[in-house]
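Undergrad: My questions will all concern the structure given below.
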2 protein chains.
Amino acid sequence: MGKVLMGPQTLIYPVPVLLIGANIDDKPNFMAVAWGGIANSVPPMISVAIRRIRYTGRGIRQNMVFSVNVPCVEMVKETDYCGIASGAKVDKVKACRFKVFYGKLGNAPLIEQCPVNLECKVVHILDLGSHSLYIGRVEETHVSEECLTSGKPDVKKIKPFAYTKAPALQYQALGDFVAEAFSVGKELQARK
Amino acid sequence: MGKVLMGPQTLIYPVPVLLIGANIDDKPNFMAVAWGGIANSVPPMISVAIRRIRYTGRGIRQNMVFSVNVPCVEMVKETDYCGIASGAKVDKVKACRFKVFYGKLGNAPLIEQCPVNLECKVVHILDLGSHSLYIGRVEETHVSEECLTSGKPDVKKIKPFAYTKAPALQYQALGDFVAEAFSVGKELQARK
């Protein structure tokens, strides 16, 4: 199996598509990010990387809070728009018909139409180059009632999507079940 | 649409499944992580969160480099095993029949069977609680020849998978195309 060198690239799959919310001058704004992930379990933390020129970063630094909203596939148009447009120029909440609500923190705007919403307090900011990496401690999680099965969040009802940049810039749904985690690998335990 | 409060949780979808490699006392070891993401574009950086008790963290701190290997669905058994077993007790390379090679950095072990391999130099370590967050600058990217289409990495050939913890701990493939990114949202630009 031959390998081809491609130079330094952030080539990992899959990466999530998330709508990051912040109030800027007391007005809610959202942007789409795909550079994000889980940063810690106890306490629960999320990392999101935001290009330093973006308007949303200003709001996060103003209040030191942000929200993470997981969009469903039906919201792909609005989500993409939130990645293209700048809140400095347009009212994205209005253009996207987002119903905004606030939770425990009081100043991290949340999107009702998104099946999952996290409220986060900023605990670290790393200026890494083109982007600032915001590490937020999750303070509360909101899940839409109709996305629960037996009281638990159900990925089949949440219908999140991933961003793929290679070979083309596109959004992709989650697909088939592959295997049970922390289980399917057990049979290799017998190998020496 | 009602919302249910679930307390602080790292509930984002999808999260990637990655095999993180490091030499420990000059011996290659790999662990599976799902707490990882892109941290910066220029220069390209990746973040991975590793439980502080894990053996792999020791190797990363010894050499200040690590590798990120993207497994394909056919490697789900080996990947899961690398999340269950500890390199302190077993030789995972042997148990998984991994073919290990080294690239530009010389001491970040890479798995030949994985379609994509990144070599990373540690630029930041944040001890966040249960986990340490390692931020690595990507120094080189290796892609398996058969996973390219017209010279570009092709997600359909790479066949990565996601980790889902809600409602059940499972691995899921990537699915259907949803929409073109930086394009589908443009029609909202006409809205006021």
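Simple scheme: letters A, B, ... for chains in structure tokens order, numbers from 1 for residues in each chain, numbers from 1 for ligands in the order shown.
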Write out as a PyMOL selection string each polymer residue whose atoms come within 9 Å of A:Tyr55, counting only C-alpha atoms; drop sequence neighbours fewer than 4 positions from it.

TA: chain A and resi 24+29+31+59+86-88

Undergrad: Contacts of B:Asp176 at 7 Å or less, counting only C-alpha atoms, minus same-chain residues fewer than 6 places along, as a compact mmCIF listing (two decimals) with C-alpha atoms, in the first residue's frame?

TA:
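Resulting contents of result.txt:
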```txt
# COMPACT_ATOMS: atom_id res chain seq x y z
CA GLN A 172 -22.80 14.52 4.92
CA ALA A 173 -25.32 12.78 7.14
CA GLY A 175 -24.93 6.62 8.14
```

Undergrad: With only C-alpha atoms as the atoms that count, which of A:Val73, A:Cys82, A:Val122, A:Val90 lies nearest to A:Val155?

TA: A:Val73

Undergrad: From the list A:Ile135, A:Leu118, A:Ala168, A:Cys147, which residue is nearest B:Glu180 when using only C-alpha atoms?

TA: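 Residue with the minimum atom-to-atom distance to B:Glu180: A:Ala168.
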
Undergrad: Out of A:Ile125, A:Gly2, A:Val68, A:Ala39, which residue has the shortest atom-to-atom distance to A:Pro109 when counting only C-alpha atoms?

TA: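 Using only C-alpha atoms, A:Pro109 sits closest to A:Val68.
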
Undergrad: Counting only C-alpha atoms, what is within 12 Å of A:Gly21, bar same-chain residues fewer than 3 positions away, as a ChimeraX atom specification?

TA: /A:18,24,26-33,48,50,55-60,63-70,79,82,87,92-93,98,100-102,107-111,114,117-120

Undergrad: Just checking: using only C-alpha atoms, which residue out of A:His124, A:Cys72, A:Ile158, A:Leu5 ends up closest to B:Ser144?

TA: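 That would be A:Leu5, the residue with the smallest distance to B:Ser144.
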